[in-house]
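A.B. asks: Just target.csv, nothing more (CSV, C-alpha atoms):
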chain,number,residue,atom,x,y,z
D,1,MET,CA,-7.2,-4.6,-15.4
D,2,ILE,CA,-6.3,-8.2,-15.6
D,3,ILE,CA,-3.4,-9.6,-13.6
D,4,GLY,CA,-2.6,-13.1,-14.8
D,5,ASN,CA,-6.1,-14.6,-14.9
D,6,ILE,CA,-7.6,-12.3,-12.3
D,7,LYS,CA,-9.9,-9.5,-13.3
D,8,ILE,CA,-9.5,-6.4,-11.1
D,9,LYS,CA,-12.4,-4.1,-10.6
D,10,GLY,CA,-12.5,-0.4,-9.6
D,11,HIS,CA,-10.0,2.3,-10.3
D,12,ALA,CA,-7.6,2.5,-7.4
D,13,ALA,CA,-5.9,0.1,-4.9
D,14,LEU,CA,-4.6,0.6,-1.4
D,15,ALA,CA,-0.8,0.5,-1.4
D,16,PRO,CA,1.1,-1.6,1.1
D,17,MET,CA,2.6,0.5,4.0
D,18,ALA,CA,4.5,-1.0,6.8
D,19,GLY,CA,2.9,-0.4,10.2
D,20,VAL,CA,-0.2,1.1,8.6
D,21,THR,CA,-2.0,-1.2,6.2
D,22,ASP,CA,-3.0,-3.8,8.8
D,23,ASN,CA,-6.2,-5.8,8.7
D,24,ALA,CA,-8.3,-3.0,10.1
D,25,PHE,CA,-7.2,-0.3,7.7
D,26,ARG,CA,-7.4,-2.6,4.8
D,27,GLU,CA,-11.0,-3.6,5.7
D,28,LEU,CA,-12.0,0.1,6.1
D,29,CYS,CA,-10.5,1.1,2.7
D,30,MET,CA,-12.2,-1.9,1.0
D,31,GLN,CA,-15.5,-0.7,2.5
D,32,PHE,CA,-14.9,2.7,0.9
D,33,GLY,CA,-14.3,1.1,-2.5
D,34,ALA,CA,-10.6,0.2,-2.9
D,35,GLY,CA,-10.3,-2.2,-5.8
D,36,PHE,CA,-7.9,-4.4,-3.9
D,37,CYS,CA,-5.4,-4.1,-1.1
D,38,ILE,CA,-2.0,-5.5,-0.2
D,39,SER,CA,-0.6,-6.6,3.2
D,40,GLU,CA,2.2,-4.8,5.0
D,41,MET,CA,5.5,-6.0,3.7
D,42,ILE,CA,6.5,-9.3,5.2
D,43,SER,CA,10.0,-10.6,5.7
D,44,ALA,CA,10.6,-13.9,3.8
D,45,LYS,CA,13.5,-14.7,6.0
D,46,ALA,CA,11.4,-14.3,9.1
D,47,ILE,CA,8.9,-16.7,7.6
D,48,SER,CA,11.7,-19.2,7.1
D,49,PHE,CA,12.5,-18.9,10.8
D,50,ASN,CA,8.9,-19.6,11.6
D,51,ASN,CA,8.5,-16.2,13.3
D,52,GLN,CA,4.9,-16.2,14.6
D,53,LYS,CA,4.5,-12.5,14.8
D,54,THR,CA,5.5,-12.2,11.1
D,55,ILE,CA,3.3,-15.1,10.1
D,56,ALA,CA,0.3,-13.3,11.7
D,57,LEU,CA,0.8,-10.5,9.2
D,58,MET,CA,-0.3,-12.9,6.5
D,59,ASN,CA,-3.7,-13.3,7.9
D,60,ILE,CA,-6.5,-12.0,5.6
D,61,TYR,CA,-10.1,-11.6,6.7
D,62,ASN,CA,-12.9,-12.1,4.2
D,63,THR,CA,-13.9,-8.5,4.8
D,64,GLU,CA,-10.7,-7.2,3.3
D,65,ARG,CA,-10.6,-9.3,0.2
D,66,PRO,CA,-9.5,-9.1,-2.6
D,67,CYS,CA,-6.1,-8.8,-0.8
D,68,ALA,CA,-2.6,-9.7,-1.9
D,69,ILE,CA,0.5,-10.5,0.3
D,70,GLN,CA,3.7,-8.6,-0.2
D,71,LEU,CA,7.0,-10.2,0.6
D,72,PHE,CA,10.5,-8.7,0.9
D,73,GLY,CA,13.9,-10.3,0.8
D,74,SER,CA,16.9,-10.8,-1.4
D,75,GLU,CA,17.3,-14.6,-1.7
D,76,PRO,CA,15.3,-16.2,-4.5
D,77,GLU,CA,14.7,-19.6,-2.8
D,78,ILE,CA,13.8,-18.1,0.5
D,79,LEU,CA,11.3,-15.8,-1.1
D,80,ALA,CA,9.9,-18.7,-3.2
D,81,GLU,CA,9.5,-20.8,0.0
D,82,ALA,CA,7.8,-17.9,1.8
D,83,ALA,CA,5.5,-17.5,-1.2
D,84,ARG,CA,4.5,-21.2,-1.1
D,85,PHE,CA,3.9,-20.9,2.6
D,86,SER,CA,1.6,-17.8,2.1
D,87,LEU,CA,-0.8,-19.8,-0.2
D,88,GLN,CA,-2.5,-21.2,2.9
D,89,PHE,CA,-3.9,-17.7,3.5
D,90,ASN,CA,-5.4,-17.5,0.0
D,91,PRO,CA,-3.9,-14.2,-1.2
D,92,LEU,CA,-5.1,-12.6,-4.5
D,93,PHE,CA,-1.5,-12.6,-5.7
D,94,ILE,CA,2.1,-12.4,-4.4
D,95,ASP,CA,3.7,-9.0,-4.6
D,96,ILE,CA,7.5,-8.7,-4.2
D,97,ASN,CA,8.8,-5.5,-2.7
D,98,MET,CA,11.6,-3.9,-4.7
D,99,GLY,CA,10.9,-0.4,-3.7
D,100,CYS,CA,11.1,0.1,0.1
D,101,PRO,CA,13.6,2.9,0.9
D,102,ALA,CA,13.9,2.3,4.6
D,103,PRO,CA,17.6,2.0,5.7
D,104,LYS,CA,17.1,-1.2,7.7
D,105,VAL,CA,15.6,-2.8,4.5
D,106,PHE,CA,17.9,-1.2,1.9
D,107,ASN,CA,21.1,-1.8,3.9
D,108,ASN,CA,20.3,-5.5,4.0
D,109,GLY,CA,20.1,-5.6,0.2
D,110,CYS,CA,16.3,-5.8,0.1
D,111,GLY,CA,13.6,-3.4,-1.1
D,112,SER,CA,14.8,-0.7,-3.4
D,113,ALA,CA,18.4,-2.0,-3.1
D,114,LEU,CA,17.4,-4.9,-5.4
D,115,MET,CA,17.1,-2.3,-8.3
D,116,LYS,CA,20.9,-2.1,-8.3
D,117,THR,CA,21.1,-5.7,-9.6
D,118,PRO,CA,18.3,-6.2,-12.2
D,119,TYR,CA,19.6,-9.7,-12.8
D,120,LEU,CA,18.8,-10.7,-9.2
D,121,CYS,CA,15.4,-9.1,-9.6
D,122,GLY,CA,14.7,-11.5,-12.5
D,123,LYS,CA,16.0,-14.5,-10.5
D,124,ILE,CA,13.7,-13.6,-7.6
D,125,VAL,CA,10.6,-13.2,-9.8
D,126,HIS,CA,11.4,-16.5,-11.7
D,127,ALA,CA,11.8,-18.5,-8.5
D,128,VAL,CA,8.6,-17.1,-6.9
D,129,SER,CA,6.6,-17.5,-10.1
D,130,LYS,CA,7.7,-21.2,-10.3
D,131,ALA,CA,6.8,-21.8,-6.7
D,132,VAL,CA,3.2,-20.7,-6.7
D,133,ASN,CA,0.1,-21.1,-8.9
D,134,ILE,CA,-1.1,-17.5,-8.5
D,135,PRO,CA,0.2,-14.3,-10.2
D,136,VAL,CA,3.4,-12.7,-9.0
D,137,THR,CA,3.8,-8.9,-9.2
D,138,VAL,CA,6.5,-6.5,-8.2
D,139,LYS,CA,6.6,-3.0,-6.8
D,140,ILE,CA,9.6,-0.8,-7.7
D,141,ARG,CA,10.7,2.8,-7.6
D,142,SER,CA,12.0,4.9,-10.5
D,143,GLY,CA,15.5,3.9,-9.4
D,144,VAL,CA,18.0,4.2,-6.5
D,145,ASP,CA,18.9,7.8,-7.2
D,146,GLU,CA,18.6,10.4,-10.0
D,147,ALA,CA,21.7,9.1,-11.8
D,148,ASN,CA,20.3,5.5,-11.8
D,149,LYS,CA,16.7,5.7,-12.8
D,150,ASN,CA,16.5,2.2,-14.2
D,151,ALA,CA,12.8,1.3,-13.6
D,152,VAL,CA,12.3,0.4,-17.3
D,153,GLU,CA,15.2,-2.1,-17.2
D,154,VAL,CA,14.1,-3.7,-13.9
D,155,ALA,CA,10.5,-3.9,-15.0
D,156,ALA,CA,11.3,-5.5,-18.3
D,157,VAL,CA,13.5,-8.1,-16.6
D,158,CYS,CA,10.7,-8.8,-14.1
D,159,GLU,CA,8.2,-9.3,-17.0
D,160,GLU,CA,10.6,-11.6,-18.8
D,161,ASN,CA,10.8,-13.8,-15.7
D,162,GLY,CA,7.1,-14.1,-15.1
D,163,ALA,CA,5.8,-11.0,-13.4
D,164,LYS,CA,2.1,-10.4,-14.3
D,165,ALA,CA,2.1,-6.7,-13.3
D,166,VAL,CA,4.5,-4.0,-12.1
D,167,THR,CA,3.7,-1.1,-9.7
D,168,VAL,CA,6.0,1.9,-10.1
D,169,HIS,CA,6.4,4.6,-7.4
D,170,GLY,CA,7.7,7.5,-9.4
D,171,ARG,CA,10.3,8.5,-6.8
D,172,THR,CA,13.9,7.3,-6.4
D,173,ARG,CA,15.0,5.6,-3.2
D,174,GLU,CA,17.1,8.7,-2.5
D,175,GLN,CA,14.0,10.9,-2.6
D,176,TYR,CA,12.1,8.8,-0.1
D,177,TYR,CA,8.8,10.7,-0.1
D,178,SER,CA,10.1,14.1,-0.8
D,179,GLY,CA,9.7,16.1,-4.0
D,180,GLN,CA,7.4,15.0,-6.7
D,181,ALA,CA,6.7,11.6,-8.2
D,182,ASP,CA,8.0,11.4,-11.8
D,183,ALA,CA,5.1,10.4,-14.1
D,184,ARG,CA,7.4,10.3,-17.1
D,185,ILE,CA,9.3,7.2,-15.8
D,186,ILE,CA,6.0,5.4,-15.2
D,187,LYS,CA,4.9,6.3,-18.8
D,188,ASP,CA,8.3,4.9,-20.0
D,189,VAL,CA,7.7,1.6,-18.1
D,190,LYS,CA,4.2,1.4,-19.5
D,191,ARG,CA,5.4,1.8,-23.1
D,192,ALA,CA,8.1,-0.9,-22.5
D,193,LEU,CA,5.9,-3.6,-21.1
D,194,THR,CA,2.9,-5.7,-22.2
D,195,ILE,CA,1.8,-6.6,-18.7
D,196,PRO,CA,-0.3,-4.1,-16.6
D,197,VAL,CA,1.5,-1.1,-15.0
D,198,ILE,CA,0.1,0.4,-11.8
D,199,ALA,CA,1.1,4.0,-11.0
D,200,ASN,CA,1.8,5.1,-7.5
D,201,GLY,CA,2.8,8.5,-6.0
D,202,ASP,CA,1.2,11.8,-5.2
D,203,ILE,CA,-2.4,10.7,-5.6
D,204,VAL,CA,-4.5,12.4,-3.0
D,205,THR,CA,-7.6,13.5,-4.9
D,206,PRO,CA,-9.7,12.1,-7.8
D,207,GLU,CA,-8.1,14.8,-10.0
D,208,ASP,CA,-4.7,13.5,-9.1
D,209,GLY,CA,-5.9,10.0,-10.2
D,210,VAL,CA,-7.2,11.2,-13.5
D,211,ARG,CA,-4.0,13.1,-14.1
D,212,MET,CA,-1.9,10.0,-13.4
D,213,TYR,CA,-3.9,7.9,-15.8
D,214,GLU,CA,-3.6,10.6,-18.5
D,215,GLN,CA,0.1,11.3,-18.1
D,216,THR,CA,1.3,7.8,-17.9
D,217,GLY,CA,-1.3,5.6,-19.8
D,218,CYS,CA,-1.1,3.3,-16.7
D,219,ASP,CA,-3.6,0.5,-16.2
D,220,TYR,CA,-4.5,1.2,-12.6
D,221,ILE,CA,-3.5,3.5,-9.8
D,222,MET,CA,-2.4,2.8,-6.2
D,223,ILE,CA,-2.8,5.1,-3.3
D,224,GLY,CA,-0.6,5.1,-0.2
D,225,ARG,CA,-0.1,8.2,2.0
D,226,GLY,CA,-3.1,9.9,0.3
D,227,SER,CA,-5.4,7.4,2.1
D,228,LEU,CA,-4.2,8.2,5.6
D,229,GLY,CA,-7.0,9.7,7.6
D,230,ASN,CA,-8.8,9.8,4.2
D,231,PRO,CA,-10.2,6.3,3.4
D,232,TRP,CA,-13.1,7.8,1.4
D,233,VAL,CA,-10.6,8.8,-1.3
D,234,PHE,CA,-11.4,5.5,-3.0
D,235,GLU,CA,-15.1,6.2,-2.9
D,236,GLN,CA,-14.5,9.7,-4.4
D,237,ILE,CA,-12.3,8.3,-7.2
D,238,ASN,CA,-14.8,5.7,-8.1
D,239,SER,CA,-17.6,8.3,-8.2
D,240,TYR,CA,-15.5,10.7,-10.3
D,241,PHE,CA,-14.5,8.1,-12.9
D,242,GLU,CA,-18.1,6.7,-13.1
D,243,ASN,CA,-20.2,9.8,-12.7
D,244,GLY,CA,-17.9,12.7,-13.4
D,245,SER,CA,-18.4,14.2,-10.0
D,246,TYR,CA,-17.7,13.4,-6.3
D,247,ASN,CA,-18.5,14.7,-2.8
D,248,SER,CA,-15.4,16.7,-1.9
D,249,ASP,CA,-16.9,18.1,1.3
D,250,ILE,CA,-16.6,15.4,4.0
D,251,PRO,CA,-18.4,16.9,7.1
D,252,LEU,CA,-16.2,16.9,10.2
D,253,LYS,CA,-18.8,14.7,12.1
D,254,GLN,CA,-18.4,12.1,9.4
D,255,ARG,CA,-14.7,12.2,9.7
D,256,LEU,CA,-15.0,11.6,13.4
D,257,ASP,CA,-17.5,8.8,12.9
D,258,VAL,CA,-15.1,7.1,10.4
D,259,MET,CA,-12.2,7.6,12.8
D,260,LYS,CA,-14.2,5.9,15.6
D,261,ARG,CA,-15.2,3.0,13.2
D,262,HIS,CA,-11.6,2.6,12.3
D,263,ALA,CA,-10.6,2.5,16.0
D,264,PHE,CA,-13.2,-0.1,16.8
D,265,LEU,CA,-11.9,-2.3,13.9
D,266,VAL,CA,-8.3,-2.0,15.3
D,267,VAL,CA,-9.4,-2.9,18.8
D,268,GLU,CA,-11.5,-5.8,17.6
D,269,LYS,CA,-8.5,-7.3,15.9
D,270,LYS,CA,-5.7,-6.4,18.3
D,271,GLY,CA,-7.3,-5.7,21.7
D,272,GLU,CA,-7.7,-2.3,23.3
D,273,ASN,CA,-4.2,-2.0,24.8
D,274,LEU,CA,-2.1,-2.6,21.7
D,275,GLY,CA,-4.8,-1.5,19.3
D,276,MET,CA,-5.2,2.0,20.7
D,277,ARG,CA,-1.5,2.6,20.9
D,278,GLU,CA,-1.2,1.7,17.2
D,279,PHE,CA,-4.2,3.7,16.4
D,280,ARG,CA,-2.6,7.0,17.6
D,281,LYS,CA,-0.9,7.7,14.3
D,282,HIS,CA,-4.1,7.2,12.4
D,283,ALA,CA,-6.1,9.5,14.8
D,284,ALA,CA,-3.6,12.3,14.1
D,285,TYR,CA,-4.2,12.0,10.3
D,286,TYR,CA,-8.0,12.1,10.8
D,287,LEU,CA,-7.7,15.4,12.7
D,288,LYS,CA,-6.1,17.3,9.8
D,289,GLY,CA,-8.1,20.4,9.0
D,290,PHE,CA,-9.8,20.6,12.4
D,291,LYS,CA,-9.6,23.8,14.5
D,292,ASN,CA,-7.1,23.4,17.3
D,293,ALA,CA,-5.6,20.5,15.4
D,294,ALA,CA,-2.2,20.7,17.1
D,295,LYS,CA,-3.9,20.5,20.5
D,296,LEU,CA,-6.1,17.6,19.4
D,297,ARG,CA,-3.1,15.7,18.0
D,298,ASN,CA,-1.5,15.9,21.4
D,299,HIS,CA,-4.5,14.0,22.7
D,300,ALA,CA,-4.3,11.6,19.8
D,301,PHE,CA,-0.7,10.6,20.7
D,302,SER,CA,-1.7,9.7,24.2
D,303,LEU,CA,-4.7,7.5,23.4
D,304,SER,CA,-4.8,4.3,25.4
D,305,THR,CA,-8.5,3.4,25.6
D,306,LEU,CA,-11.7,3.8,23.6
D,307,ASP,CA,-12.9,6.1,26.4
D,308,ASP,CA,-9.9,8.3,25.7
D,309,LEU,CA,-11.0,8.4,22.0
D,310,ASP,CA,-14.5,9.4,23.0
D,311,LYS,CA,-13.1,12.3,25.1
D,312,MET,CA,-10.9,13.4,22.2
D,313,ILE,CA,-13.9,13.3,19.8
D,314,SER,CA,-15.9,15.5,22.3
D,315,LEU,CA,-13.1,18.0,22.4
D,316,ALA,CA,-12.9,18.0,18.6
D,317,GLU,CA,-16.7,18.5,18.2
D,318,ASN,CA,-16.7,21.3,20.8
D,319,SER,CA,-13.8,23.2,19.3
D,320,GLN,CA,-15.3,23.6,15.9
Transcribe the structure of this file into structure tokens.
C.D. replies:
Amino acid sequence: MIIGNIKIKGHAALAPMAGVTDNAFRELCMQFGAGFCISEMISAKAISFNNQKTIALMNIYNTERPCAIQLFGSEPEILAEAARFSLQFNPLFIDINMGCPAPKVFNNGCGSALMKTPYLCGKIVHAVSKAVNIPVTVKIRSGVDEANKNAVEVAAVCEENGAKAVTVHGRTREQYYSGQADARIIKDVKRALTIPVIANGDIVTPEDGVRMYEQTGCDYIMIGRGSLGNPWVFEQINSYFENGSYNSDIPLKQRLDVMKRHAFLVVEKKGENLGMREFRKHAAYYLKGFKNAAKLRNHAFSLSTLDDLDKMISLAENSQ
């Protein structure tokens, strides 16, 4: 896949997820073969207010490249200025969030709310594209609700105004993450555009990835929730596409080893106090499929130190 003048390798990317795809998780997924990753969504308005906590989200380590920065907002010039500001962090490209369903984002006219006004989507893409010398992409949903599935219209407007790729999550805003992603709407977007289309939604296994490629004709796939507690999914997909097979049996010890490696990366970047609190949700995902998983998850949600993690791992090993 080529986005603008950038050649993208591999078969699957890590989707941006607020509060999840931080530096540590991005680095881990890149180690397991993700083709590229994208930052957590970053408020353009907060950047304009010089919010240091928000600016810190733009930091990209070399170990997680190639990595793009995703911005959200509703005002073209503010988004353009935030995009210009982000260039100092050398992102792969700028992605504009037009798909987030969260109420606090949607109710402010950002994220998936932008799909209600395709003309504004075009103005945003135009302004950001003029502001930077790297590709600009967008991430959308199938629409706001079932009666307004206008992904094709929005994607076409974005392409006309300079977007170099479009990612489509095959659910409406109303669906959030329930039900099934609609591959047909992604296929329709692909047929309508000349730029690359990246498919997102319900990809958990290599077979899911192949199915998405076949059903939509997409140029690439993006994995979000399917990577939680499961970063080796990228390695599995690459193996399946390149060799026709993959290792589906990840030993429990390996799962625990990767979980510990992930925790160390978080602590390395955020310190033990904050890092371990934030790691709790990740630990719970890694424990899926373990015996006494409910009991182990109770331990996961009270992690405060790396010693706590070691104790939980010992409990997990002894319970199998």
A.B. asks: Name the closest residue to Pro16 of chain D among the candidates D:Glu40, D:Asp307, D:Glu242, D:Asp182; distances are taken between atoms, counting only C-alpha atoms.
C.D. replies: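 Looking at the shortest contact to Pro16 of chain D, the residue is D:Glu40.
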A.B. asks: Might you pull out every residue within 12 Å of Phe241 of chain D, with only C-alpha atoms counted and same-chain residues fewer than 5 positions away left off, and present them as a PyMOL selection string?
C.D. replies: chain D and resi 10-12+205-211+213+234-236+246
A.B. asks: Give me the residues within 7 Å of Ala284 of chain D as a list in words, counting all atoms listed in the file and dropping any in the same chain fewer than 4 places off.
C.D. replies: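 Close residues of Ala284 of chain D: Arg280, Arg297 and Ala300 of chain D.
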A.B. asks: Please list as a PyMOL selection string every residue within 12 Å of Ile186 of chain D, counting all atoms listed in the file and excluding residues in the same chain fewer than 6 positions away.
C.D. replies: chain D and resi 139-143+149-152+155+166-172+192-193+196-201+212-221
A.B. asks: Kindly indicate which residue among D:Phe93, D:Ser304, D:Val204, D:Met276 lies nearest to Ser248 of chain D, using all atoms listed in the file for the distances.
C.D. replies: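 Among the listed residues, the smallest separation from Ser248 of chain D belongs to D:Val204.
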A.B. asks: Would you list the contacts of Gln254 of chain D as a list of chain:residue names, taking every protein, DNA or RNA residue within 12 Å and counting all atoms listed in the file, but skipping same-chain residues closer than 4 positions in sequence?
C.D. replies: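 Returned residues: D:Gly229, D:Asn230, D:Pro231, D:Trp232, D:Asp249, D:Ile250, D:Val258, D:Met259, D:Lys260, D:Arg261, D:Tyr286, D:Leu287, D:Ile313, D:Glu317.
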A.B. asks: Measure the distance from atom CA of Lys130 of chain D to atom CA of Ala56 of chain D in Å and round it to one decimal.
C.D. replies: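 Between atom CA of Lys130 of chain D and atom CA of Ala56 of chain D the gap is 24.5 Å.
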A.B. asks: Could you build a table of the residues in segment 13-72 of chain D lying no more than 10 Å from segment 110-118 of chain D, giving for each the nearest pair of atoms and their separation in Å rounded to one decimal place, using all atoms listed in the file, ordered by chain and ascending residue number, as JSON lines?
C.D. replies:
{"residue": "D:Met41", "atom": "CA", "partner": "D:Gly111", "partner_atom": "CA", "distance": 9.8}
{"residue": "D:Ser43", "atom": "CA", "partner": "D:Cys110", "partner_atom": "CA", "distance": 9.7}
{"residue": "D:Leu71", "atom": "CA", "partner": "D:Gly111", "partner_atom": "CA", "distance": 9.6}
{"residue": "D:Phe72", "atom": "CA", "partner": "D:Gly111", "partner_atom": "CA", "distance": 6.5}
A.B. asks: At what distance in Å, to one decimal, does atom CA of Ala34 of chain D lie from atom CA of Thr305 of chain D?
C.D. replies: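 According to the coordinates, atom CA of Thr305 of chain D and atom CA of Ala34 of chain D are separated by 28.8 Å.
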A.B. asks: Starting from the incomplete input, reconstruct N, CA and C atoms of segment 8-22 of chain D and report them as a PDB file, in the coordinates of the input.
C.D. replies:
ATOM      1  N   ILE D   8      -9.475  -7.386 -12.146  1.00  0.00           N
ATOM      2  CA  ILE D   8      -9.500  -6.400 -11.100  1.00  0.00           C
ATOM      3  C   ILE D   8     -10.522  -5.334 -11.353  1.00  0.00           C
ATOM      4  N   LYS D   9     -11.418  -5.107 -10.419  1.00  0.00           N
ATOM      5  CA  LYS D   9     -12.400  -4.100 -10.600  1.00  0.00           C
ATOM      6  C   LYS D   9     -11.995  -2.749 -10.009  1.00  0.00           C
ATOM      7  N   GLY D  10     -12.813  -1.729 -10.213  1.00  0.00           N
ATOM      8  CA  GLY D  10     -12.500  -0.400  -9.600  1.00  0.00           C
ATOM      9  C   GLY D  10     -11.447   0.331 -10.341  1.00  0.00           C
ATOM     10  N   HIS D  11     -10.942   1.365  -9.680  1.00  0.00           N
ATOM     11  CA  HIS D  11     -10.000   2.300 -10.300  1.00  0.00           C
ATOM     12  C   HIS D  11      -8.723   2.507  -9.504  1.00  0.00           C
ATOM     13  N   ALA D  12      -8.748   2.206  -8.205  1.00  0.00           N
ATOM     14  CA  ALA D  12      -7.600   2.500  -7.400  1.00  0.00           C
ATOM     15  C   ALA D  12      -7.461   1.458  -6.250  1.00  0.00           C
ATOM     16  N   ALA D  13      -6.225   1.097  -5.949  1.00  0.00           N
ATOM     17  CA  ALA D  13      -5.900   0.100  -4.900  1.00  0.00           C
ATOM     18  C   ALA D  13      -5.236   0.799  -3.728  1.00  0.00           C
ATOM     19  N   LEU D  14      -5.287   0.125  -2.585  1.00  0.00           N
ATOM     20  CA  LEU D  14      -4.600   0.600  -1.400  1.00  0.00           C
ATOM     21  C   LEU D  14      -3.153   0.046  -1.432  1.00  0.00           C
ATOM     22  N   ALA D  15      -2.161   0.936  -1.373  1.00  0.00           N
ATOM     23  CA  ALA D  15      -0.800   0.500  -1.400  1.00  0.00           C
ATOM     24  C   ALA D  15      -0.354  -0.111  -0.074  1.00  0.00           C
ATOM     25  N   PRO D  16       0.598  -1.031  -0.109  1.00  0.00           N
ATOM     26  CA  PRO D  16       1.100  -1.600   1.100  1.00  0.00           C
ATOM     27  C   PRO D  16       1.975  -0.572   1.867  1.00  0.00           C
ATOM     28  N   MET D  17       1.751  -0.420   3.168  1.00  0.00           N
ATOM     29  CA  MET D  17       2.600   0.500   4.000  1.00  0.00           C
ATOM     30  C   MET D  17       2.846  -0.169   5.316  1.00  0.00           C
ATOM     31  N   ALA D  18       4.127  -0.345   5.614  1.00  0.00           N
ATOM     32  CA  ALA D  18       4.500  -1.000   6.800  1.00  0.00           C
ATOM     33  C   ALA D  18       4.027  -0.266   8.063  1.00  0.00           C
ATOM     34  N   GLY D  19       3.419  -1.005   8.994  1.00  0.00           N
ATOM     35  CA  GLY D  19       2.900  -0.400  10.200  1.00  0.00           C
ATOM     36  C   GLY D  19       1.624   0.368  10.037  1.00  0.00           C
ATOM     37  N   VAL D  20       1.052   0.342   8.846  1.00  0.00           N
ATOM     38  CA  VAL D  20      -0.200   1.100   8.600  1.00  0.00           C
ATOM     39  C   VAL D  20      -1.264   0.258   7.977  1.00  0.00           C
ATOM     40  N   THR D  21      -0.975  -0.476   6.905  1.00  0.00           N
ATOM     41  CA  THR D  21      -2.000  -1.200   6.200  1.00  0.00           C
ATOM     42  C   THR D  21      -2.242  -2.592   6.881  1.00  0.00           C
ATOM     43  N   ASP D  22      -2.672  -2.530   8.129  1.00  0.00           N
ATOM     44  CA  ASP D  22      -3.000  -3.800   8.800  1.00  0.00           C
ATOM     45  C   ASP D  22      -4.409  -4.207   8.471  1.00  0.00           C
TER      46      ASP D  22
END
